[in-house]
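Listing of my_file27.pdb, PDB, C-alpha atoms
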```pdb
ATOM      1  CA  MET A   1      -8.612   5.113  21.654
ATOM      2  CA  LYS A   2     -11.038   2.905  19.748
ATOM      3  CA  LEU A   3     -13.299   4.127  16.966
ATOM      4  CA  PHE A   4     -16.344   2.093  16.063
ATOM      5  CA  TYR A   5     -18.446   2.370  12.909
ATOM      6  CA  HIS A   6     -22.037   1.213  12.960
ATOM      7  CA  GLU A   7     -24.674   1.540  10.236
ATOM      8  CA  LYS A   8     -23.404   4.988   9.324
ATOM      9  CA  VAL A   9     -19.731   5.789   9.457
ATOM     10  CA  LEU A  10     -18.956   8.718  11.711
ATOM     11  CA  ASP A  11     -18.395  11.826   9.582
ATOM     12  CA  HIS A  12     -16.166  13.672  12.032
ATOM     13  CA  ILE A  13     -13.389  11.083  12.180
ATOM     14  CA  ALA A  14     -10.341  12.329  10.271
ATOM     15  CA  VAL A  15      -7.446  10.419   8.743
ATOM     16  CA  GLU A  16      -5.140  12.279  11.116
ATOM     17  CA  GLU A  17      -7.036  10.857  14.095
ATOM     18  CA  LEU A  18      -6.706   7.339  12.741
ATOM     19  CA  HIS A  19      -2.989   7.840  12.147
ATOM     20  CA  ARG A  20      -2.304   9.199  15.626
ATOM     21  CA  ALA A  21      -4.227   6.372  17.254
ATOM     22  CA  PHE A  22      -3.281   3.377  15.127
ATOM     23  CA  PHE A  23      -0.193   3.833  12.941
ATOM     24  CA  HIS A  24       2.597   1.502  14.067
ATOM     25  CA  SER A  25       4.882  -1.290  12.884
ATOM     26  CA  LEU A  26       3.236  -4.556  11.849
ATOM     27  CA  HIS A  27       4.400  -8.173  11.867
ATOM     28  CA  THR A  28       3.544 -11.299   9.914
ATOM     29  CA  GLU A  29       4.962 -14.798  10.132
ATOM     30  CA  ARG A  30       7.894 -13.830   7.880
ATOM     31  CA  LEU A  31       7.842 -10.053   7.620
ATOM     32  CA  PHE A  32       8.412  -6.898   9.612
ATOM     33  CA  LEU A  33       6.527  -3.868   8.254
ATOM     34  CA  ARG A  34       7.909  -0.645   9.725
ATOM     35  CA  PRO A  35       7.937   3.114   9.089
ATOM     36  CA  LEU A  36      10.532   4.269   6.590
ATOM     37  CA  ILE A  37      13.671   6.140   7.640
ATOM     38  CA  LEU A  38      16.141   8.167   5.564
ATOM     39  CA  GLU A  39      18.721   5.407   5.880
ATOM     40  CA  ASP A  40      16.476   3.174   3.730
ATOM     41  CA  ALA A  41      17.288   5.153   0.574
ATOM     42  CA  GLU A  42      20.171   2.930  -0.547
ATOM     43  CA  ALA A  43      18.224  -0.299  -0.087
ATOM     44  CA  MET A  44      15.242   1.185  -1.909
ATOM     45  CA  PHE A  45      17.384   2.361  -4.816
ATOM     46  CA  ALA A  46      18.474  -1.258  -5.312
ATOM     47  CA  TYR A  47      15.007  -1.969  -6.728
ATOM     48  CA  THR A  48      13.613   1.459  -7.698
ATOM     49  CA  SER A  49      16.531   1.771 -10.143
ATOM     50  CA  LEU A  50      15.350  -1.336 -12.036
ATOM     51  CA  PRO A  51      13.034  -0.754 -15.034
ATOM     52  CA  GLU A  52      11.139  -3.989 -14.305
ATOM     53  CA  SER A  53      10.067  -2.604 -10.918
ATOM     54  CA  PHE A  54       8.032   0.078 -12.705
ATOM     55  CA  ARG A  55       6.778  -1.930 -15.662
ATOM     56  CA  PHE A  56       3.146  -1.517 -14.598
ATOM     57  CA  LEU A  57       3.446   1.926 -12.995
ATOM     58  CA  ARG A  58       3.023   5.378 -14.508
ATOM     59  CA  ARG A  59       6.282   6.730 -13.148
ATOM     60  CA  GLU A  60       9.718   5.791 -14.454
ATOM     61  CA  HIS A  61      12.406   3.921 -12.543
ATOM     62  CA  HIS A  62      14.766   6.081 -10.500
ATOM     63  CA  GLN A  63      17.961   7.438 -11.992
ATOM     64  CA  SER A  64      19.661   8.367  -8.715
ATOM     65  CA  ILE A  65      19.450   7.605  -5.029
ATOM     66  CA  GLU A  66      18.442  11.227  -4.490
ATOM     67  CA  GLU A  67      14.995  10.379  -5.847
ATOM     68  CA  ASP A  68      14.607   7.807  -3.083
ATOM     69  CA  ARG A  69      15.798  10.264  -0.465
ATOM     70  CA  THR A  70      13.268  12.808  -1.705
ATOM     71  CA  PHE A  71      10.534  10.159  -1.629
ATOM     72  CA  ILE A  72      11.390   9.206   1.959
ATOM     73  CA  GLU A  73      11.559  12.855   3.026
ATOM     74  CA  ASN A  74       8.028  13.310   1.693
ATOM     75  CA  VAL A  75       6.894  10.198   3.550
ATOM     76  CA  LEU A  76       8.458  11.459   6.778
ATOM     77  CA  GLU A  77       6.590  14.728   6.360
ATOM     78  CA  GLY A  78       3.423  12.690   5.903
ATOM     79  CA  TYR A  79       4.175  10.853   9.156
ATOM     80  CA  ARG A  80       4.707  14.193  10.903
ATOM     81  CA  LEU A  81       1.345  15.439   9.640
ATOM     82  CA  ASN A  82      -0.324  12.140  10.616
ATOM     83  CA  ARG A  83      -1.384  11.415   7.060
ATOM     84  CA  GLU A  84       0.925   8.776   5.592
ATOM     85  CA  PHE A  85       0.235   5.057   6.018
ATOM     86  CA  ILE A  86       3.247   3.497   4.313
ATOM     87  CA  TRP A  87       5.548   0.763   5.568
ATOM     88  CA  GLY A  88       8.917  -0.587   4.532
ATOM     89  CA  ILE A  89       8.814  -4.351   4.056
ATOM     90  CA  CYS A  90      11.643  -6.207   5.788
ATOM     91  CA  LEU A  91      12.199  -9.962   5.580
ATOM     92  CA  GLY A  92      12.532 -11.868   8.831
ATOM     93  CA  GLU A  93      14.785 -10.267  11.408
ATOM     94  CA  SER A  94      16.522  -8.155   8.773
ATOM     95  CA  ASN A  95      15.945  -4.428   8.962
ATOM     96  CA  GLN A  96      16.701  -3.974   5.244
ATOM     97  CA  VAL A  97      13.803  -2.767   3.130
ATOM     98  CA  ILE A  98      12.942  -4.986   0.156
ATOM     99  CA  GLY A  99       9.759  -3.143  -0.761
ATOM    100  CA  THR A 100       6.983  -0.928   0.484
ATOM    101  CA  CYS A 101       3.265  -1.327   1.081
ATOM    102  CA  ARG A 102       0.730   1.402   1.566
ATOM    103  CA  ILE A 103      -2.814   2.254   2.595
ATOM    104  CA  PHE A 104      -4.091   5.397   0.901
ATOM    105  CA  ASP A 105      -7.254   7.202  -0.145
ATOM    106  CA  ILE A 106      -8.663   6.508   3.315
ATOM    107  CA  LEU A 107     -12.259   7.739   3.445
ATOM    108  CA  PRO A 108     -13.447   7.375   7.050
ATOM    109  CA  GLU A 109     -16.888   8.684   6.141
ATOM    110  CA  GLU A 110     -17.269   5.818   3.640
ATOM    111  CA  GLY A 111     -15.309   3.272   5.631
ATOM    112  CA  SER A 112     -12.976   2.502   2.734
ATOM    113  CA  CYS A 113      -9.340   2.637   1.692
ATOM    114  CA  GLU A 114      -7.043   1.390  -1.059
ATOM    115  CA  VAL A 115      -3.855  -0.676  -0.797
ATOM    116  CA  SER A 116      -0.777  -0.978  -2.998
ATOM    117  CA  TYR A 117       2.754  -2.364  -2.843
ATOM    118  CA  LEU A 118       6.124  -2.402  -4.589
ATOM    119  CA  ILE A 119       8.518  -5.340  -4.120
ATOM    120  CA  HIS A 120      12.114  -5.862  -5.244
ATOM    121  CA  PRO A 121      11.901  -8.134  -8.336
ATOM    122  CA  SER A 122      14.320 -10.609  -6.694
ATOM    123  CA  PHE A 123      11.741 -11.211  -3.942
ATOM    124  CA  GLN A 124       8.667 -11.515  -6.152
ATOM    125  CA  GLY A 125       6.916 -14.848  -6.534
ATOM    126  CA  GLN A 126       7.605 -15.807  -2.916
ATOM    127  CA  GLY A 127       4.285 -14.767  -1.380
ATOM    128  CA  ILE A 128       5.769 -11.640   0.186
ATOM    129  CA  ALA A 129       3.368  -9.283  -1.581
ATOM    130  CA  SER A 130       0.271 -11.257  -0.584
ATOM    131  CA  GLU A 131       1.550 -11.593   2.990
ATOM    132  CA  SER A 132       2.076  -7.820   3.164
ATOM    133  CA  VAL A 133      -1.236  -6.894   1.554
ATOM    134  CA  GLY A 134      -3.093  -9.451   3.663
ATOM    135  CA  ARG A 135      -1.642  -7.855   6.793
ATOM    136  CA  LEU A 136      -2.746  -4.393   5.645
ATOM    137  CA  ILE A 137      -6.263  -5.687   5.009
ATOM    138  CA  ARG A 138      -6.419  -7.121   8.516
ATOM    139  CA  TYR A 139      -5.035  -3.861   9.925
ATOM    140  CA  ALA A 140      -7.645  -1.836   8.020
ATOM    141  CA  PHE A 141     -10.485  -3.977   9.340
ATOM    142  CA  GLU A 142      -9.318  -4.690  12.888
ATOM    143  CA  GLU A 143      -7.586  -1.441  13.853
ATOM    144  CA  LEU A 144      -8.836   1.287  11.526
ATOM    145  CA  ASN A 145     -12.300  -0.305  11.638
ATOM    146  CA  LEU A 146     -12.862   0.299   7.947
ATOM    147  CA  GLN A 147     -15.451  -1.709   6.063
ATOM    148  CA  ARG A 148     -13.956  -2.105   2.592
ATOM    149  CA  VAL A 149     -10.448  -2.348   1.114
ATOM    150  CA  LEU A 150      -9.883  -1.645  -2.567
ATOM    151  CA  ALA A 151      -7.026  -2.429  -4.936
ATOM    152  CA  ARG A 152      -6.358  -2.139  -8.640
ATOM    153  CA  CYS A 153      -3.798  -3.325 -11.153
ATOM    154  CA  ALA A 154      -3.044  -3.116 -14.854
ATOM    155  CA  ALA A 155      -4.898  -5.872 -16.708
ATOM    156  CA  GLU A 156      -1.568  -7.243 -17.957
ATOM    157  CA  ASN A 157      -0.181  -7.445 -14.416
ATOM    158  CA  THR A 158      -1.212 -11.012 -13.720
ATOM    159  CA  GLY A 159       1.152 -11.231 -10.748
ATOM    160  CA  SER A 160      -0.610  -8.442  -8.873
ATOM    161  CA  GLU A 161      -3.976  -9.902  -9.795
ATOM    162  CA  ARG A 162      -2.951 -13.195  -8.188
ATOM    163  CA  VAL A 163      -1.877 -11.286  -5.065
ATOM    164  CA  MET A 164      -5.343  -9.744  -4.761
ATOM    165  CA  GLN A 165      -7.037 -13.091  -5.272
ATOM    166  CA  LYS A 166      -4.780 -14.801  -2.683
ATOM    167  CA  CYS A 167      -5.793 -12.080  -0.211
ATOM    168  CA  GLY A 168      -9.469 -12.973  -0.674
ATOM    169  CA  MET A 169     -10.299  -9.957  -2.828
ATOM    170  CA  THR A 170     -12.972 -10.161  -5.519
ATOM    171  CA  LYS A 171     -12.820  -8.580  -8.954
ATOM    172  CA  THR A 172     -15.537  -5.944  -9.278
ATOM    173  CA  GLY A 173     -14.869  -4.562 -12.739
ATOM    174  CA  THR A 174     -12.432  -3.283 -15.342
ATOM    175  CA  LEU A 175     -11.725   0.308 -16.348
ATOM    176  CA  LEU A 176     -10.988   0.336 -20.070
ATOM    177  CA  HIS A 177      -8.220   2.562 -21.450
ATOM    178  CA  CYS A 178      -8.306   4.524 -18.220
ATOM    179  CA  THR A 179      -4.650   5.280 -17.511
ATOM    180  CA  GLU A 180      -1.882   6.411 -19.809
ATOM    181  CA  MET A 181       1.441   4.807 -18.958
ATOM    182  CA  LYS A 182       4.514   5.285 -21.081
ATOM    183  CA  GLY A 183       2.474   6.484 -24.045
ATOM    184  CA  VAL A 184      -0.092   3.646 -23.953
ATOM    185  CA  LEU A 185      -3.637   3.573 -22.554
ATOM    186  CA  TRP A 186      -3.978   0.644 -20.160
ATOM    187  CA  ASP A 187      -6.988  -1.221 -18.807
ATOM    188  CA  PHE A 188      -7.148  -1.645 -15.029
ATOM    189  CA  HIS A 189      -8.861  -4.387 -13.035
ATOM    190  CA  LEU A 190     -10.635  -3.346  -9.820
ATOM    191  CA  TYR A 191     -10.744  -5.554  -6.734
ATOM    192  CA  ASN A 192     -12.162  -5.220  -3.247
ATOM    193  CA  ILE A 193     -12.839  -7.081  -0.059
ATOM    194  CA  GLN A 194     -15.433  -6.177   2.536
ATOM    195  CA  ARG A 195     -15.295  -6.762   6.237
ATOM    196  CA  ASN A 196     -18.597  -8.629   6.258
ATOM    197  CA  GLY A 197     -17.567 -10.839   3.337
ATOM    198  CA  ASP A 198     -19.807  -9.172   0.731
ATOM    199  CA  THR A 199     -18.507  -7.618  -2.500
TER     200      THR A 199
END
```
Could you render the structure as structure tokens?
Amino acid sequence: MKLFYHEKVLDHIAVEELHRAFFHSLHTERLFLRPLILEDAEAMFAYTSLPESFRFLRREHHQSIEEDRTFIENVLEGYRLNREFIWGICLGESNQVIGTCRIFDILPEEGSCEVSYLIHPSFQGQGIASESVGRLIRYAFEELNLQRVLARCAAENTGSERVMQKCGMTKTGTLLHCTEMKGVLWDFHLYNIQRNGDT
């Protein structure tokens, strides 16, 4: 099944159709991106329990492994409904999850989506995030046939901003005081990359 978008994106294509046709494990030179399973909860809790993992996120770090199990159960339900595009990030031949990456807010009628990621702090600064996000961008363009991939990060999150830039994304603006996180209003930088190279 191959879906092609021309000058006007086809209105009748649903996210569920894209998921059924194209959701699968992905590979990069160093990484294996695969669907999550319940057995990943312990490995995920190793980093979701760390406050620094959620420094630039609205939600708080996890207090128990049950929160990770609940998260994975919700993801599995999303897989079942053909709606959830989220992958566990595994390094090399290891099957142990060291983070997750996600495509969300897929709008087939507009040909766009957004990407995000969360990486164990011990594995940050090694190019893993940019390798994961770069693979999702390629997947969005080559398999989902979308035209534009978006991303955003807190203005203070210079690490994530570098990830977006390394993936060829261009800054398109800043939302001032747009999101309350931990009692503070944060600015967010907006980035995107288009299939044809425009911004």
Spatial neighbours of region 110-118 of chain A, max dist 7 Å, all atoms listed in the file, sep filter under 3 positions, as a ChimeraX atom specification = /A:9,99-107,146-151
Which residue out of A:Tyr191, A:Phe23, A:Phe123, A:Tyr47 has the minimum interatomic distance to Tyr79 (chain A) when all atoms listed in the file are used?
->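 Answer, going by the shortest atom-to-atom distance: A:Phe23.
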Could you give me, as a VMD selection string, the residues within 12 Å of Glu180 (chain A), counting only C-alpha atoms and dropping anything in the same chain fewer than 2 positions from it?
-> chain A and resid 56 to 59 154 176 to 178 182 to 188
Please, what distance in Å, to one decimal, runs between CA of Ser49 (chain A) and CA of His62 (chain A)?
->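 Between these atoms lies a distance of 4.7 Å.
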For Ser122 (chain A), which residue out of A:Ile98, A:Leu81, A:Ile193, A:Cys167 is the nearest one, using only C-alpha atoms?
-> A:Ile98
Check the smallest atom-to-atom distance from each of A:Arg34, A:Arg20, A:Arg152, A:Arg55 to Leu190 (chain A) using all atoms listed in the file, then report the winner.
-> A:Arg152
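Proximity ranking of A:Arg162, A:Arg138, A:His189, A:Arg69 relative to Ala43 (chain A) places A:Arg69 first, based on all atoms listed in the file.
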Residue among A:Ile119, A:Asn82, A:Leu136, A:Ile65 lying closest to Ser25 (chain A), counting all atoms listed in the file =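 Of A:Ile119, A:Asn82, A:Leu136, A:Ile65, the one nearest Ser25 (chain A), counting all atoms listed in the file, is A:Leu136.
Here CA of Met44 (chain A) stands at a distance of 24.0 Å from CA of His19 (chain A).
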